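Q: Here it is, the structure, as structure tokens.
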Amino acid sequence: MEDLHRKIIHNTDFRLVSLPVYHDCCVHCLCTGGNATFHYFENDFTFGSNRMAVISYPDHLSDIEVSDDFECEYIIAPRDFLHALLPANNYSIPGSVALTRNPIMEMNCDDMARLNSDFAAIASRIKYTSHLFYREMIGSLLRTMIYDIFDIHARRDGMAPQTSRVGYVVTHFISMIREGEPLTHREPSWYADKLNITVKYLGDTVRRITGASASEHINRAASAILREYIETTDLTISQIAERMNFSSLSYLNRFCKLHLGKSPTELRRLKGNTPLTSDTFDNQ
């Protein structure tokens with residue numbers, strides 16, 4: 001990540017955060033006036049004064065609307081860089097997952113003052129790209145900001161750091177999801193085997209900490225991979241089925257309709273991609 005400084009941004013125009021260039025980044029945004037609305041994953045949110053929005057996946061952000069008096073400032077940084085800053089066995093995984101489900105945090109005056117101080121420190125040091133320890137320096141400032149956010153979030157939502165076993169299970173499960181294992185592995189039993197636990201323990205633990213089942217996390221990630229293949233590549237549906245280890249075209253078709261709402265053919269046509277050839281079908 002030699003051009004790290006090019007991806008750490010301090011800005012005030014919230015409408016820019018969904019640009020494709022930031023899709024591999026995380027956005028931390030403080031609102032100081034007015035309000036904004038946006039669609040994130042499957043839900044609509046309203047973002048107003050004295051609130052923070054933590055957008056971990058800007059590629060799932062859409063329909064941004066801001067009022068005339070909307071005011072904010074935000075920090076954008078590469079998601080992988082931020083993940084590497086924190087230990088994986090504490091609050092980082094469950095906290096991050098909870099903020100993905102609901103990215104809005106309400107804050108009091110002390111919270112705002114603390115985060116304003118964090119933002120000011122980061123903004124003032126971003127430009128020192130010739131610093132011999134730039135990565136470490138800016139990383140320490142970002143780490144402080146994230147720990148402050150987790151502290152505020154945990155106190156507000158009554159969440160606490162998890163025990164080492166629970167943290168280990170959730171951390172490594174989510175890590176496998178983020179690393180793309182749902183490309184070919186979509187059964188919770190596969191993940192349970194990798195973690196040397198039962199499927200029931202995996203399911204109960206993941207749901208308790210994240211609010212969603214293991215299957216939901218797996219299918220959400222697999223659906224995103226499938227959509228990208230369908231909408232952005234010239235692979236035939238047969239080739240996609242083979243690459244994603246679907247046992248048949250009809251199984252892929254059913255999965256696509258269930259989780260993406262349309263058949264592969266319909267999704268590709270909506271994007272204006274080249275029509276599918278001999279393996280095109282919608283009614284299996």
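FYI, nothing fancy with the structure tokens labels: chains A, B, ... in order, residues from 1 per chain, ligands from 1 as they appear.
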Give me the residues near range 187-204 of chain A as number ranges by chain, where near means some atom within 10 Å (using only C-alpha atoms) and where sequence neighbours in that chain fewer than 5 positions away do not count.
A: A: 166, 168-170, 172-173, 176-177, 181-182, 209, 211-219
Q: Need the shell around Val17 in chain A: protein/DNA/RNA residues with any atom at most 9 Å away, counting only C-alpha atoms. Skip same-chain ones fewer than 5 positions apart. Format as an MDAnalysis selection string?
A: chainID A and resid 22:23 27 55 58 61 76
Q: Could those residues be written to a file, using all heavy atoms, as an mmCIF file, in the first residue's frame?
A:
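Produced file out_33.cif, reproduced below:
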```cif
data_model
loop_
_atom_site.group_PDB
_atom_site.id
_atom_site.type_symbol
_atom_site.label_atom_id
_atom_site.label_comp_id
_atom_site.auth_asym_id
_atom_site.auth_seq_id
_atom_site.Cartn_x
_atom_site.Cartn_y
_atom_site.Cartn_z
ATOM 1 N N TYR A 22 -13.545 4.692 -3.525
ATOM 2 C CA TYR A 22 -13.543 4.459 -2.085
ATOM 3 C C TYR A 22 -14.184 3.126 -1.693
ATOM 4 O O TYR A 22 -14.404 2.876 -0.506
ATOM 5 C CB TYR A 22 -14.273 5.594 -1.357
ATOM 6 C CG TYR A 22 -13.656 6.955 -1.579
ATOM 7 C CD1 TYR A 22 -14.439 8.042 -1.939
ATOM 8 C CD2 TYR A 22 -12.283 7.139 -1.436
ATOM 9 C CE1 TYR A 22 -13.869 9.293 -2.157
ATOM 10 C CE2 TYR A 22 -11.710 8.386 -1.647
ATOM 11 C CZ TYR A 22 -12.514 9.454 -2.010
ATOM 12 O OH TYR A 22 -11.946 10.684 -2.218
ATOM 13 N N HIS A 23 -14.484 2.263 -2.646
ATOM 14 C CA HIS A 23 -15.196 1.029 -2.332
ATOM 15 C C HIS A 23 -14.395 0.070 -1.454
ATOM 16 O O HIS A 23 -14.973 -0.803 -0.808
ATOM 17 C CB HIS A 23 -15.636 0.323 -3.622
ATOM 18 C CG HIS A 23 -16.856 0.942 -4.224
ATOM 19 N ND1 HIS A 23 -17.477 0.426 -5.336
ATOM 20 C CD2 HIS A 23 -17.577 2.040 -3.868
ATOM 21 C CE1 HIS A 23 -18.523 1.187 -5.644
ATOM 22 N NE2 HIS A 23 -18.599 2.167 -4.768
ATOM 23 N N VAL A 27 -15.526 4.670 5.899
ATOM 24 C CA VAL A 27 -15.820 6.088 6.092
ATOM 25 C C VAL A 27 -16.324 6.311 7.516
ATOM 26 O O VAL A 27 -17.248 5.628 7.976
ATOM 27 C CB VAL A 27 -16.897 6.576 5.099
ATOM 28 C CG1 VAL A 27 -17.172 8.069 5.302
ATOM 29 C CG2 VAL A 27 -16.485 6.275 3.665
ATOM 30 N N ILE A 55 -19.445 3.894 7.798
ATOM 31 C CA ILE A 55 -19.772 3.176 6.566
ATOM 32 C C ILE A 55 -18.572 2.295 6.213
ATOM 33 O O ILE A 55 -17.595 2.748 5.612
ATOM 34 C CB ILE A 55 -20.085 4.149 5.417
ATOM 35 C CG1 ILE A 55 -21.118 5.187 5.853
ATOM 36 C CG2 ILE A 55 -20.542 3.386 4.179
ATOM 37 C CD1 ILE A 55 -22.469 4.612 6.216
ATOM 38 N N PRO A 58 -18.643 1.173 1.544
ATOM 39 C CA PRO A 58 -19.279 2.215 0.719
ATOM 40 C C PRO A 58 -19.871 1.700 -0.590
ATOM 41 O O PRO A 58 -20.723 2.365 -1.182
ATOM 42 C CB PRO A 58 -18.124 3.197 0.448
ATOM 43 C CG PRO A 58 -17.162 2.968 1.558
ATOM 44 C CD PRO A 58 -17.248 1.512 1.863
ATOM 45 N N LEU A 61 -23.523 1.539 -0.368
ATOM 46 C CA LEU A 61 -24.163 2.813 -0.038
ATOM 47 C C LEU A 61 -24.759 3.421 -1.304
ATOM 48 O O LEU A 61 -24.111 3.465 -2.348
ATOM 49 C CB LEU A 61 -23.131 3.759 0.564
ATOM 50 C CG LEU A 61 -23.585 5.131 1.064
ATOM 51 C CD1 LEU A 61 -24.483 4.997 2.277
ATOM 52 C CD2 LEU A 61 -22.370 5.993 1.392
ATOM 53 N N ILE A 76 -11.747 9.098 5.485
ATOM 54 C CA ILE A 76 -11.779 7.881 4.678
ATOM 55 C C ILE A 76 -10.401 7.236 4.741
ATOM 56 O O ILE A 76 -9.384 7.918 4.588
ATOM 57 C CB ILE A 76 -12.141 8.184 3.214
ATOM 58 C CG1 ILE A 76 -13.600 8.640 3.113
ATOM 59 C CG2 ILE A 76 -11.907 6.970 2.324
ATOM 60 C CD1 ILE A 76 -14.028 8.995 1.703
#
```
Q: So which residues touch range 79-83 of chain A within 7 Å, counting only C-alpha atoms, skipping near sequence neighbours fewer than 6 positions away, as a list in words?
A: Asp24, Cys25 and Cys26 of chain A
Q: Give me, as a PDB file with all heavy atoms, in the first residue's frame, all polymer residues having an atom no more than 12 Å from Leu16 in chain A, counting only C-alpha atoms and skipping those fewer than 5 positions away in the same chain.
A:
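Once written, part18.pdb looks like this:
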```
ATOM      1  N   ILE A   9      -8.361  10.328   3.473  1.00  0.00           N
ATOM      2  CA  ILE A   9      -8.971  11.593   3.041  1.00  0.00           C
ATOM      3  C   ILE A   9      -9.731  12.231   4.188  1.00  0.00           C
ATOM      4  O   ILE A   9     -10.425  11.545   4.955  1.00  0.00           O
ATOM      5  CB  ILE A   9      -9.958  11.343   1.872  1.00  0.00           C
ATOM      6  CG1 ILE A   9      -9.293  10.574   0.730  1.00  0.00           C
ATOM      7  CG2 ILE A   9     -10.566  12.651   1.380  1.00  0.00           C
ATOM      8  CD1 ILE A   9      -8.193  11.317   0.027  1.00  0.00           C
ATOM      9  N   HIS A  10      -9.617  13.547   4.293  1.00  0.00           N
ATOM     10  CA  HIS A  10     -10.467  14.325   5.198  1.00  0.00           C
ATOM     11  C   HIS A  10     -11.271  15.276   4.321  1.00  0.00           C
ATOM     12  O   HIS A  10     -10.700  16.062   3.571  1.00  0.00           O
ATOM     13  CB  HIS A  10      -9.626  15.103   6.208  1.00  0.00           C
ATOM     14  CG  HIS A  10     -10.436  16.001   7.100  1.00  0.00           C
ATOM     15  ND1 HIS A  10     -10.483  17.357   6.929  1.00  0.00           N
ATOM     16  CD2 HIS A  10     -11.237  15.715   8.160  1.00  0.00           C
ATOM     17  CE1 HIS A  10     -11.269  17.885   7.856  1.00  0.00           C
ATOM     18  NE2 HIS A  10     -11.739  16.916   8.616  1.00  0.00           N
ATOM     19  N   ASN A  11     -12.602  15.179   4.395  1.00  0.00           N
ATOM     20  CA  ASN A  11     -13.438  15.970   3.498  1.00  0.00           C
ATOM     21  C   ASN A  11     -14.754  16.316   4.177  1.00  0.00           C
ATOM     22  O   ASN A  11     -15.041  15.846   5.297  1.00  0.00           O
ATOM     23  CB  ASN A  11     -13.682  15.204   2.186  1.00  0.00           C
ATOM     24  CG  ASN A  11     -13.937  16.137   1.015  1.00  0.00           C
ATOM     25  OD1 ASN A  11     -14.343  17.279   1.188  1.00  0.00           O
ATOM     26  ND2 ASN A  11     -13.698  15.647  -0.192  1.00  0.00           N
ATOM     27  N   VAL A  21     -13.924   4.793  -6.230  1.00  0.00           N
ATOM     28  CA  VAL A  21     -12.539   4.829  -5.757  1.00  0.00           C
ATOM     29  C   VAL A  21     -12.443   4.528  -4.264  1.00  0.00           C
ATOM     30  O   VAL A  21     -11.382   4.116  -3.772  1.00  0.00           O
ATOM     31  CB  VAL A  21     -11.908   6.210  -6.066  1.00  0.00           C
ATOM     32  CG1 VAL A  21     -12.526   7.309  -5.209  1.00  0.00           C
ATOM     33  CG2 VAL A  21     -10.396   6.161  -5.887  1.00  0.00           C
ATOM     34  N   TYR A  22     -13.545   4.692  -3.525  1.00  0.00           N
ATOM     35  CA  TYR A  22     -13.543   4.459  -2.085  1.00  0.00           C
ATOM     36  C   TYR A  22     -14.184   3.126  -1.693  1.00  0.00           C
ATOM     37  O   TYR A  22     -14.404   2.876  -0.506  1.00  0.00           O
ATOM     38  CB  TYR A  22     -14.273   5.594  -1.357  1.00  0.00           C
ATOM     39  CG  TYR A  22     -13.656   6.955  -1.579  1.00  0.00           C
ATOM     40  CD1 TYR A  22     -14.439   8.042  -1.939  1.00  0.00           C
ATOM     41  CD2 TYR A  22     -12.283   7.139  -1.436  1.00  0.00           C
ATOM     42  CE1 TYR A  22     -13.869   9.293  -2.157  1.00  0.00           C
ATOM     43  CE2 TYR A  22     -11.710   8.386  -1.647  1.00  0.00           C
ATOM     44  CZ  TYR A  22     -12.514   9.454  -2.010  1.00  0.00           C
ATOM     45  OH  TYR A  22     -11.946  10.684  -2.218  1.00  0.00           O
ATOM     46  N   HIS A  23     -14.484   2.263  -2.646  1.00  0.00           N
ATOM     47  CA  HIS A  23     -15.196   1.029  -2.332  1.00  0.00           C
ATOM     48  C   HIS A  23     -14.395   0.070  -1.454  1.00  0.00           C
ATOM     49  O   HIS A  23     -14.973  -0.803  -0.808  1.00  0.00           O
ATOM     50  CB  HIS A  23     -15.636   0.323  -3.622  1.00  0.00           C
ATOM     51  CG  HIS A  23     -16.856   0.942  -4.224  1.00  0.00           C
ATOM     52  ND1 HIS A  23     -17.477   0.426  -5.336  1.00  0.00           N
ATOM     53  CD2 HIS A  23     -17.577   2.040  -3.868  1.00  0.00           C
ATOM     54  CE1 HIS A  23     -18.523   1.187  -5.644  1.00  0.00           C
ATOM     55  NE2 HIS A  23     -18.599   2.167  -4.768  1.00  0.00           N
ATOM     56  N   VAL A  27     -15.526   4.670   5.899  1.00  0.00           N
ATOM     57  CA  VAL A  27     -15.820   6.088   6.092  1.00  0.00           C
ATOM     58  C   VAL A  27     -16.324   6.311   7.516  1.00  0.00           C
ATOM     59  O   VAL A  27     -17.248   5.628   7.976  1.00  0.00           O
ATOM     60  CB  VAL A  27     -16.897   6.576   5.099  1.00  0.00           C
ATOM     61  CG1 VAL A  27     -17.172   8.069   5.302  1.00  0.00           C
ATOM     62  CG2 VAL A  27     -16.485   6.275   3.665  1.00  0.00           C
ATOM     63  N   CYS A  29     -17.902   9.392   9.569  1.00  0.00           N
ATOM     64  CA  CYS A  29     -18.450  10.722   9.284  1.00  0.00           C
ATOM     65  C   CYS A  29     -19.179  11.294  10.491  1.00  0.00           C
ATOM     66  O   CYS A  29     -20.065  10.645  11.067  1.00  0.00           O
ATOM     67  CB  CYS A  29     -19.397  10.630   8.084  1.00  0.00           C
ATOM     68  SG  CYS A  29     -20.111  12.209   7.591  1.00  0.00           S
ATOM     69  N   PRO A  58     -18.643   1.173   1.544  1.00  0.00           N
ATOM     70  CA  PRO A  58     -19.279   2.215   0.719  1.00  0.00           C
ATOM     71  C   PRO A  58     -19.871   1.700  -0.590  1.00  0.00           C
ATOM     72  O   PRO A  58     -20.723   2.365  -1.182  1.00  0.00           O
ATOM     73  CB  PRO A  58     -18.124   3.197   0.448  1.00  0.00           C
ATOM     74  CG  PRO A  58     -17.162   2.968   1.558  1.00  0.00           C
ATOM     75  CD  PRO A  58     -17.248   1.512   1.863  1.00  0.00           C
ATOM     76  N   ASP A  59     -19.436   0.511  -1.045  1.00  0.00           N
ATOM     77  CA  ASP A  59     -20.008  -0.044  -2.271  1.00  0.00           C
ATOM     78  C   ASP A  59     -21.457  -0.468  -2.071  1.00  0.00           C
ATOM     79  O   ASP A  59     -22.175  -0.706  -3.043  1.00  0.00           O
ATOM     80  CB  ASP A  59     -19.180  -1.226  -2.780  1.00  0.00           C
ATOM     81  CG  ASP A  59     -18.878  -2.253  -1.709  1.00  0.00           C
ATOM     82  OD1 ASP A  59     -18.652  -1.855  -0.557  1.00  0.00           O
ATOM     83  OD2 ASP A  59     -18.853  -3.460  -2.027  1.00  0.00           O
ATOM     84  N   LEU A  61     -23.523   1.539  -0.368  1.00  0.00           N
ATOM     85  CA  LEU A  61     -24.163   2.813  -0.038  1.00  0.00           C
ATOM     86  C   LEU A  61     -24.759   3.421  -1.304  1.00  0.00           C
ATOM     87  O   LEU A  61     -24.111   3.465  -2.348  1.00  0.00           O
ATOM     88  CB  LEU A  61     -23.131   3.759   0.564  1.00  0.00           C
ATOM     89  CG  LEU A  61     -23.585   5.131   1.064  1.00  0.00           C
ATOM     90  CD1 LEU A  61     -24.483   4.997   2.277  1.00  0.00           C
ATOM     91  CD2 LEU A  61     -22.370   5.993   1.392  1.00  0.00           C
ATOM     92  N   SER A  62     -26.004   3.889  -1.214  1.00  0.00           N
ATOM     93  CA  SER A  62     -26.652   4.483  -2.392  1.00  0.00           C
ATOM     94  C   SER A  62     -27.724   5.467  -1.949  1.00  0.00           C
ATOM     95  O   SER A  62     -28.023   5.606  -0.758  1.00  0.00           O
ATOM     96  CB  SER A  62     -27.271   3.394  -3.279  1.00  0.00           C
ATOM     97  OG  SER A  62     -28.292   2.691  -2.572  1.00  0.00           O
ATOM     98  N   ASP A  63     -28.303   6.150  -2.930  1.00  0.00           N
ATOM     99  CA  ASP A  63     -29.442   7.067  -2.709  1.00  0.00           C
ATOM    100  C   ASP A  63     -29.151   8.114  -1.631  1.00  0.00           C
ATOM    101  O   ASP A  63     -29.981   8.386  -0.768  1.00  0.00           O
ATOM    102  CB  ASP A  63     -30.708   6.283  -2.332  1.00  0.00           C
ATOM    103  CG  ASP A  63     -31.098   5.261  -3.382  1.00  0.00           C
ATOM    104  OD1 ASP A  63     -30.845   5.528  -4.574  1.00  0.00           O
ATOM    105  OD2 ASP A  63     -31.636   4.211  -3.026  1.00  0.00           O
ATOM    106  N   ILE A  64     -27.979   8.718  -1.691  1.00  0.00           N
ATOM    107  CA  ILE A  64     -27.611   9.746  -0.708  1.00  0.00           C
ATOM    108  C   ILE A  64     -28.341  11.053  -1.021  1.00  0.00           C
ATOM    109  O   ILE A  64     -28.289  11.548  -2.139  1.00  0.00           O
ATOM    110  CB  ILE A  64     -26.095   9.993  -0.715  1.00  0.00           C
ATOM    111  CG1 ILE A  64     -25.334   8.724  -0.318  1.00  0.00           C
ATOM    112  CG2 ILE A  64     -25.730  11.139   0.221  1.00  0.00           C
ATOM    113  CD1 ILE A  64     -23.828   8.855  -0.450  1.00  0.00           C
ATOM    114  N   GLU A  65     -29.019  11.578  -0.037  1.00  0.00           N
ATOM    115  CA  GLU A  65     -29.681  12.880  -0.148  1.00  0.00           C
ATOM    116  C   GLU A  65     -29.300  13.710   1.066  1.00  0.00           C
ATOM    117  O   GLU A  65     -29.305  13.205   2.193  1.00  0.00           O
ATOM    118  CB  GLU A  65     -31.205  12.721  -0.204  1.00  0.00           C
ATOM    119  CG  GLU A  65     -31.729  11.909  -1.376  1.00  0.00           C
ATOM    120  CD  GLU A  65     -31.642  12.666  -2.704  1.00  0.00           C
ATOM    121  OE1 GLU A  65     -31.475  13.912  -2.647  1.00  0.00           O
ATOM    122  OE2 GLU A  65     -31.753  12.021  -3.756  1.00  0.00           O
ATOM    123  N   VAL A  66     -28.962  14.992   0.866  1.00  0.00           N
ATOM    124  CA  VAL A  66     -28.583  15.856   1.989  1.00  0.00           C
ATOM    125  C   VAL A  66     -29.436  17.119   1.972  1.00  0.00           C
ATOM    126  O   VAL A  66     -29.814  17.621   0.917  1.00  0.00           O
ATOM    127  CB  VAL A  66     -27.089  16.228   1.932  1.00  0.00           C
ATOM    128  CG1 VAL A  66     -26.226  14.977   1.985  1.00  0.00           C
ATOM    129  CG2 VAL A  66     -26.759  17.037   0.698  1.00  0.00           C
ATOM    130  N   GLU A  73     -18.064  16.306   8.552  1.00  0.00           N
ATOM    131  CA  GLU A  73     -16.681  16.056   8.153  1.00  0.00           C
ATOM    132  C   GLU A  73     -16.446  14.565   8.294  1.00  0.00           C
ATOM    133  O   GLU A  73     -17.057  13.897   9.136  1.00  0.00           O
ATOM    134  CB  GLU A  73     -15.682  16.857   8.986  1.00  0.00           C
ATOM    135  CG  GLU A  73     -15.673  16.534  10.468  1.00  0.00           C
ATOM    136  CD  GLU A  73     -14.537  17.248  11.186  1.00  0.00           C
ATOM    137  OE1 GLU A  73     -13.427  17.308  10.638  1.00  0.00           O
ATOM    138  OE2 GLU A  73     -14.776  17.730  12.316  1.00  0.00           O
ATOM    139  N   TYR A  74     -15.585  14.030   7.439  1.00  0.00           N
ATOM    140  CA  TYR A  74     -15.356  12.600   7.505  1.00  0.00           C
ATOM    141  C   TYR A  74     -13.912  12.255   7.186  1.00  0.00           C
ATOM    142  O   TYR A  74     -13.186  13.014   6.541  1.00  0.00           O
ATOM    143  CB  TYR A  74     -16.311  11.840   6.574  1.00  0.00           C
ATOM    144  CG  TYR A  74     -16.268  12.234   5.114  1.00  0.00           C
ATOM    145  CD1 TYR A  74     -15.299  11.720   4.247  1.00  0.00           C
ATOM    146  CD2 TYR A  74     -17.214  13.113   4.595  1.00  0.00           C
ATOM    147  CE1 TYR A  74     -15.280  12.072   2.912  1.00  0.00           C
ATOM    148  CE2 TYR A  74     -17.207  13.471   3.255  1.00  0.00           C
ATOM    149  CZ  TYR A  74     -16.240  12.940   2.414  1.00  0.00           C
ATOM    150  OH  TYR A  74     -16.227  13.298   1.080  1.00  0.00           O
ATOM    151  N   ILE A  75     -13.532  11.086   7.685  1.00  0.00           N
ATOM    152  CA  ILE A  75     -12.222  10.497   7.413  1.00  0.00           C
ATOM    153  C   ILE A  75     -12.449   9.227   6.601  1.00  0.00           C
ATOM    154  O   ILE A  75     -13.251   8.374   6.988  1.00  0.00           O
ATOM    155  CB  ILE A  75     -11.466  10.142   8.709  1.00  0.00           C
ATOM    156  CG1 ILE A  75     -11.259  11.380   9.594  1.00  0.00           C
ATOM    157  CG2 ILE A  75     -10.145   9.450   8.387  1.00  0.00           C
ATOM    158  CD1 ILE A  75     -10.274  12.381   9.036  1.00  0.00           C
ATOM    159  N   ILE A  76     -11.747   9.098   5.485  1.00  0.00           N
ATOM    160  CA  ILE A  76     -11.779   7.881   4.678  1.00  0.00           C
ATOM    161  C   ILE A  76     -10.401   7.236   4.741  1.00  0.00           C
ATOM    162  O   ILE A  76      -9.384   7.918   4.588  1.00  0.00           O
ATOM    163  CB  ILE A  76     -12.141   8.184   3.214  1.00  0.00           C
ATOM    164  CG1 ILE A  76     -13.600   8.640   3.113  1.00  0.00           C
ATOM    165  CG2 ILE A  76     -11.907   6.970   2.324  1.00  0.00           C
ATOM    166  CD1 ILE A  76     -14.028   8.995   1.703  1.00  0.00           C
TER     167      ILE A  76
END
```
Q: Counting only C-alpha atoms, figure out which residue out of A:Leu226, A:Ala123, A:Ala113, A:Val54 gets nearest to Phe150 in chain A.
A: A:Val54
Q: Which is closer to Arg208 in chain A than all the others in A:Met112, A:Leu141, A:Cys72, A:Ala98, using only C-alpha atoms?
A: A:Ala98
Q: Counting only C-alpha atoms, what is within 8 Å of range 249-263 of chain A, bar same-chain residues fewer than 6 positions away, as a VMD selection string?
A: chain A and resid 219 to 220 223 226 to 227 237 to 238 241 282 284
Q: Leaving out Lys271 in chain A and any residue of its chain fewer than 3 positions from it, which residues lie within 12 Å of it when counting only C-alpha atoms, given as a list of chain:residue names?
A: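 Using only C-alpha atoms, the neighbours found are A:Arg227, A:Glu228, A:Tyr229, A:Ile230, A:Glu231, A:Thr232, A:Thr233, A:Pro264, A:Thr265, A:Glu266, A:Leu267, A:Arg268, A:Thr274, A:Pro275.
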Q: With distances taken over only C-alpha atoms, which residue among A:Ile174, A:Ala222, A:Ile104, A:Ala120 lies nearest Thr205 in chain A?
A: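 Under the stated criterion, the closest residue is A:Ile174.
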Q: Residues near Glu71 in chain A, anyone? I mean within 12 Å using only C-alpha atoms, not counting same-chain ones fewer than 2 positions away, as a PyMOL selection string.
A: chain A and resi 11-15+29-36+47-52+66-69+73-74
Q: Report as a PyMOL selection string: the residues of range 71-225 of chain A with a DSSP assignment of alpha helix (DSSP H), based on the backbone of this structure.
A: chain A and resi 79-85+92-101+109-125+134-157+164-178+188-195+199-210+214-225
Q: What gap, in Å, lies between CA of Arg243 in chain A and CA of His185 in chain A?
A: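 Here the two named atoms are 11.3 Å from each other.
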